[in-house]
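Read through the structure below, which is laid out as structure tokens, and then see the notes.
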Amino acid sequence: MFSRWGAFVYRRRRFVLLVMLVLAAAASPLAAGTAEQLSSGGWLDPKSESAAVADRLEAEFGGSRTAFIAVIRSDDSAADARSTAFQAAIAETVAPLADDERVAEITGYAETGDDRFISIDGDAAYIVIGLDMTEDESVEVVDAIGDQLAPPAGYSLGLTGFGPIQKDSAELSEQDLQRAEVVSLPIAAIVLILVFASIVAAGMPLLVAGLAIPTSLAIINLVARQAEMSIYVLNIATMLGLALAIDYSLFITSRFREELARGRTVEQAVTIAIGTAGKAVLFSGVAVAIGLSGLLWFDASALSSIGLGGAIVVLTSVIFSLTFLPAVLGMLGPKVNALSVRSLRRRVGVLGDEPTARHSRWERVAHAVMRRPFAVLVPVLAVLFIAGSPFFRLQQGVPDATVYPAGVPSRDAWVALTTEFRAGETNPIAIVLDTTAEATDPASIEAVMTYAAAVAELEGIDRVEGPFTIADPASGALLDADQVAQLYAAPVGTLPPQLEAAVTALRDAYIRGSTVRLDAISPLPPTTPDGTAVVPRVRGVDAGEGIDGVMVGGTAAVAEDFLAAQNEKLPWAVGTTLLASALILFLLFGSVFIPLKAVVMTLLSLSASFGALVWIFQEGNLHEFLGFEPLGFTIAGNPIIMFAVLIGLSMDYEVLLLSRIQESYRRTGDNTKAVAEGLAKTAGVITGAAMVMVVVFSAFALADVVTIKSIGVGMALAVLLDATVVRVLLVPATMRLLGEWNWWAPGILGRLAERLGFSHVEDEGEDAPAASAAGTATTPA
């Protein structure tokens, strides 16, 4: 089937080339605007309790739909933010917004007299600029609103909130992307030149990547117009596109040149290359896409959109590798070897050996490993287990603006808001209560105050604010339930004006019929492990009589619900991904043990990279060298994102290596010889492909955003281990121990694989007698 496709593309090569070029050209304008369609949000699980609370607060309590927060400070550190002069400066700053129809309200110390708007040191204040628009729409007006906020001389202003953070996030992602491309592409080009010893051949993978990535981003742009997609899709899709498009093209181009060197015609070389390497590329791509599709189990778009975007870029890379590339190779023919640099390659050593010498060396390595498989297997496994042990100390938290580097305006304002002002004031835990009677009924007031007192006693809660938190004007002591009930029952005009205004304001802010809102103030950062741990405690408080229902929301609850949903879906995502990957390998090789071995080997290589993720980014080791501030936790979602990507990438090399081993085994029937020959024939290509991937992923380790930096470092390490330790040491050792069982499948499964035909080895261009092993897999003697 694959050989027939290769022959078809060769015969229609000019038409195929033209179609793919037109497709890529049409995609370029859309690709350029992809970042604008992506979101820095996506951590809200739409089916969670916190999402329901957010919907209720918006529907029942109204107010602006989103807001910007402006932090204003005086250049004079001794200034008093409560002073008339300071508040006049704030009024002058926001005055231009009075006639702006997009602004619904402005709230601060001047409007409320609430000290929560004043910093702990008293030298700064913040105001909330409520906007009558959605969060996504607010991104478009950041500059328009910000340009109107001009503080008077002697004052400075920082703007934060969803819109400013989203805008800065998109700009940072594009900067990180450009930096990674500038660093990785030249190095990848050098590696490819050393692998191919030809500038023309080295240009093929880069050309495919240059067409596949914009096309992928254009498709992502269209999808993002219909569904929320994370801003991190931009970086991860480009990272994967560069790595996979180059790797897949490298595999096919290498096989094409190998067949030309055997004296094949151009048509035969294209046909065989697609029939062998092309088949491996398709199955590898499907395995990677399946791995990424495991993220679709998660409801939060921060994870599911990365799975969808990654699957798009993988399949696009496969399509260009199986269409555009063979068409170009068919047109170039032997000219693919033009502009040779063999003399340069010989000078650099490892990649520069002649093919015969290189094969001989790798065969010696394989035979050395297979002579003493246990002596290799035991210490290697021990090292991998030790390297992965820090993962047992994993603690996850949802990222906020602190993942961005210092100097980013919205990040600096956010940090000031969370560190200089009273902890928890800007991100309280929102509690929605449904009382049995009207909220202002004496029994309801007592029930709510009893519940609030219980919550206030919890570890991690400073106090609880609500409609019934009223202090005696004379003594400052809080009123009890009976006193509060009397205030709310008092006829209009019978209370002192100041007290009546306070009660009215509390009623408007916190009560809607029989619904009461409470704000639980926690000093802990809401998205950290300590901050999210408070939420289950609050949810565990007994509501008592007089309260029909309790719902808990707010930033900390959003983070807690995200982590809970992630943990709930994690076994399904991991299990289905591993099962699907194993099924792909079974269909390709017709064996039961090869898929099982591949899954185990992959998990071992992943364990070391996960351990490094915790050791470096959670515990802060090497933070000065890598240029980031430790968060004290691992960013939620990163481990499962890395798993989804790497489970597929590891199959990439597994498929290529085992395809060549199977070709040899079917031809000779000698398992040991087949392993050594397969390793020798693929080690150079796998080494070159791995070097390209490591270069690409390492370039993303230069990112300013810790989320992308940690993924880049973790995946670079995982690929390096997978292509060296796993493929060169563990695979030969385990295949030697399994022997003939490597290719065994029980009768019914063996016949199924034969009937489907995917495990058939297509013409590889070698005239060797078929061994008895070439038939249907049977039980080894």
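Every chain in the structure tokens takes a letter, A first, then B, and so on in the order presented; its residues are numbered from 1, and the ligands are numbered from 1 following the presented order.
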Find the nearest atom pair between each residue of region 487-517 of chain A and region 545-553 of chain A for residues within 10 Å, count only C-alpha atoms, give distances in Å to one decimal, sort rows by chain and ascending number, and present the table as a Markdown table.
```
| residue | atom | partner | partner_atom | distance |
| --- | --- | --- | --- | --- |
| A:Ser514 | CA | A:Ile547 | CA | 9.5 |
| A:Thr515 | CA | A:Gly549 | CA | 9.6 |
| A:Val516 | CA | A:Val550 | CA | 9.7 |
| A:Arg517 | CA | A:Met551 | CA | 9.7 |
```
Give me a file of those residues, with all heavy atoms, as a CSV table (one decimal), in the first residue's frame.
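In the end it all went to again.csv:
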```
chain,number,residue,atom,x,y,z
A,514,SER,N,-32.6,35.1,48.8
A,514,SER,CA,-32.1,34.1,49.8
A,514,SER,C,-30.7,33.6,49.5
A,514,SER,O,-30.3,32.6,50.1
A,514,SER,CB,-33.1,32.9,49.8
A,514,SER,OG,-33.1,32.3,48.5
A,515,THR,N,-30.0,34.4,48.7
A,515,THR,CA,-28.6,34.0,48.3
A,515,THR,C,-27.7,35.0,49.0
A,515,THR,O,-27.9,36.2,48.9
A,515,THR,CB,-28.4,34.0,46.8
A,515,THR,OG1,-29.2,33.1,46.2
A,515,THR,CG2,-26.9,33.7,46.5
A,516,VAL,N,-26.6,34.5,49.7
A,516,VAL,CA,-25.7,35.3,50.3
A,516,VAL,C,-24.3,35.0,49.8
A,516,VAL,O,-23.9,33.8,49.7
A,516,VAL,CB,-25.7,35.1,51.9
A,516,VAL,CG1,-24.6,35.9,52.6
A,516,VAL,CG2,-27.1,35.4,52.4
A,517,ARG,N,-23.5,36.0,49.6
A,517,ARG,CA,-22.1,35.8,49.2
A,517,ARG,C,-21.2,36.2,50.4
A,517,ARG,O,-21.4,37.2,51.0
A,517,ARG,CB,-21.7,36.7,48.0
A,517,ARG,CG,-20.2,36.7,47.7
A,517,ARG,CD,-19.9,37.7,46.6
A,517,ARG,NE,-18.4,37.8,46.5
A,517,ARG,CZ,-17.8,38.4,45.5
A,517,ARG,NH1,-18.4,38.9,44.6
A,517,ARG,NH2,-16.4,38.4,45.5
```
Exercise for the section: Considering only C-alpha atoms, return as a ChimeraX atom specification whatever protein or nucleic-acid residues lie within 7 Å of Trp43 (chain A), sequence-local ones (same chain, fewer than 5 positions apart) excluded. Expected result: /A:300-302,562
Dump C-alpha atoms for the selected residues as a compact mmCIF listing (two decimals), in the first residue's frame?
```
# COMPACT_ATOMS: atom_id res chain seq x y z
CA ALA A 300 -9.91 22.55 30.87
CA SER A 301 -8.81 24.04 27.54
CA ALA A 302 -5.31 24.78 28.87
CA PHE A 562 -8.42 22.07 37.88
```
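Neighbours of region 396-398 of chain A closer than or equal to 6 Å, with only C-alpha atoms counted and sequence neighbours fewer than 6 positions away skipped, come out as Thr527, Thr528, Pro529, Ala559, Phe633, Thr634, Ile635 and Ala636 of chain A.
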Output N, CA and C atoms for every residue in that selection, as a PDB file, in the first residue's frame.
```
ATOM      1  N   THR A 527      -2.959  30.138  43.994  1.00  0.00           N
ATOM      2  CA  THR A 527      -2.727  29.065  43.018  1.00  0.00           C
ATOM      3  C   THR A 527      -1.589  28.133  43.422  1.00  0.00           C
ATOM      4  N   THR A 528      -0.981  28.360  44.582  1.00  0.00           N
ATOM      5  CA  THR A 528       0.077  27.478  45.061  1.00  0.00           C
ATOM      6  C   THR A 528      -0.526  26.263  45.743  1.00  0.00           C
ATOM      7  N   PRO A 529       0.263  25.204  45.966  1.00  0.00           N
ATOM      8  CA  PRO A 529      -0.285  24.032  46.661  1.00  0.00           C
ATOM      9  C   PRO A 529      -0.867  24.364  48.039  1.00  0.00           C
ATOM     10  N   ALA A 559      -8.186  26.775  40.822  1.00  0.00           N
ATOM     11  CA  ALA A 559      -6.959  25.984  40.775  1.00  0.00           C
ATOM     12  C   ALA A 559      -7.165  24.601  41.380  1.00  0.00           C
ATOM     13  N   PHE A 633       6.812  24.985  43.203  1.00  0.00           N
ATOM     14  CA  PHE A 633       5.915  23.906  42.785  1.00  0.00           C
ATOM     15  C   PHE A 633       6.117  23.662  41.295  1.00  0.00           C
ATOM     16  N   THR A 634       5.652  22.523  40.847  1.00  0.00           N
ATOM     17  CA  THR A 634       5.683  22.200  39.418  1.00  0.00           C
ATOM     18  C   THR A 634       4.402  22.723  38.779  1.00  0.00           C
ATOM     19  N   ILE A 635       4.537  23.356  37.644  1.00  0.00           N
ATOM     20  CA  ILE A 635       3.372  23.948  36.983  1.00  0.00           C
ATOM     21  C   ILE A 635       2.388  22.847  36.589  1.00  0.00           C
ATOM     22  N   ALA A 636       1.164  22.994  37.051  1.00  0.00           N
ATOM     23  CA  ALA A 636       0.136  21.988  36.783  1.00  0.00           C
ATOM     24  C   ALA A 636      -0.038  21.800  35.278  1.00  0.00           C
TER      25      ALA A 636
END
```
Practice task
as a VMD selection string, please: all residues of region 63-133 of chain A that backbone DSSP puts in alpha helix (DSSP H).
Solution key: chain A and resid 84 to 94 109 to 112
With 10 Å as the cut-off and only C-alpha atoms counted, what is the closest atom pair between each nearby residue of region 666-721 of chain A and region 644-661 of chain A? Distances in Å to one decimal, ordered by chain and number, as a tab-separated table.
```
residue	atom	partner	partner_atom	distance
A:Arg666	CA	A:Ile661	CA	8.6
A:Arg667	CA	A:Ile661	CA	9.9
A:Asn671	CA	A:Ile661	CA	8.4
A:Thr672	CA	A:Ile661	CA	9.6
A:Lys673	CA	A:Ile661	CA	8.8
A:Ala674	CA	A:Ile661	CA	5.1
A:Val675	CA	A:Ile661	CA	5.4
A:Ala676	CA	A:Ile661	CA	7.9
A:Glu677	CA	A:Ile661	CA	6.8
A:Gly678	CA	A:Ile661	CA	4.2
A:Leu679	CA	A:Leu657	CA	6.5
A:Ala680	CA	A:Leu657	CA	9.4
A:Lys681	CA	A:Arg660	CA	7.3
A:Thr682	CA	A:Leu657	CA	6.0
A:Ala683	CA	A:Leu657	CA	8.0
A:Val685	CA	A:Leu656	CA	9.3
A:Ile686	CA	A:Tyr653	CA	6.6
A:Thr687	CA	A:Tyr653	CA	9.7
A:Ala689	CA	A:Tyr653	CA	8.9
A:Ala690	CA	A:Tyr653	CA	8.7
A:Met693	CA	A:Leu649	CA	9.7
A:Gly714	CA	A:Leu646	CA	9.7
A:Met715	CA	A:Leu646	CA	7.0
A:Ala716	CA	A:Leu646	CA	10.0
A:Ala718	CA	A:Leu646	CA	7.5
A:Val719	CA	A:Ser650	CA	7.4
```
Handout entry: Selected residue, from A:Glu92, A:Gly688, A:Leu738, A:Pro164, that lies nearest to Tyr248 (chain A) when counting only C-alpha atoms
Key = A:Gly688
Problem - Which residue of A:Val139, A:Val725, A:Ala51, A:Ala580 approaches Ala556 (chain A) most closely, using only C-alpha atoms - result: A:Ala51
Exercise for the section: Going by DSSP on the backbone, which bits of region 426-670 of chain A are strand (DSSP E or B)? Write them as number ranges by chain, please. Expected result: A: 429-435, 463-465, 471, 478, 511-512, 515-521, 547-553, 634-635
Handout entry: Ala582 (chain A) surroundings by only C-alpha atoms, 10 Å radius, close-in-sequence under 2 positions cut, as a ChimeraX atom specification
Key = /A:287,576-580,584-588,591-599,651
Write a file of the selected residues as a short mmCIF file (atom, residue, chain, number, x, y, z; two decimals), in the first residue's frame, keeping C-alpha atoms.
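And here is the file that came out, part_6.cif:
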```cif
data_model
loop_
_atom_site.label_atom_id
_atom_site.label_comp_id
_atom_site.auth_asym_id
_atom_site.auth_seq_id
_atom_site.Cartn_x
_atom_site.Cartn_y
_atom_site.Cartn_z
CA ALA A 287 1.41 7.28 17.64
CA THR A 576 -5.76 5.02 26.71
CA THR A 577 -2.58 6.62 25.36
CA LEU A 578 -0.43 3.66 26.34
CA LEU A 579 -3.02 1.18 25.06
CA ALA A 580 -3.40 2.97 21.73
CA ILE A 584 -0.22 0.77 16.83
CA LEU A 585 3.01 -1.15 17.42
CA PHE A 586 1.15 -4.46 17.36
CA LEU A 587 -0.45 -3.67 14.02
CA LEU A 588 2.89 -2.58 12.61
CA SER A 591 4.01 -8.96 17.96
CA VAL A 592 2.68 -8.91 21.51
CA PHE A 593 5.96 -8.43 23.35
CA ILE A 594 7.37 -5.57 21.27
CA PRO A 595 4.53 -3.17 22.24
CA LEU A 596 4.82 -4.15 25.92
CA LYS A 597 8.58 -3.69 25.88
CA ALA A 598 8.26 -0.35 24.08
CA VAL A 599 5.79 0.98 26.67
CA MET A 651 7.58 5.64 19.45
#
```
Handout entry: Pick from A:Ala375, A:Ala243, A:Val71, A:Ile306, whichever lies nearest to Gly161 (chain A) using only C-alpha atoms
Key = A:Val71
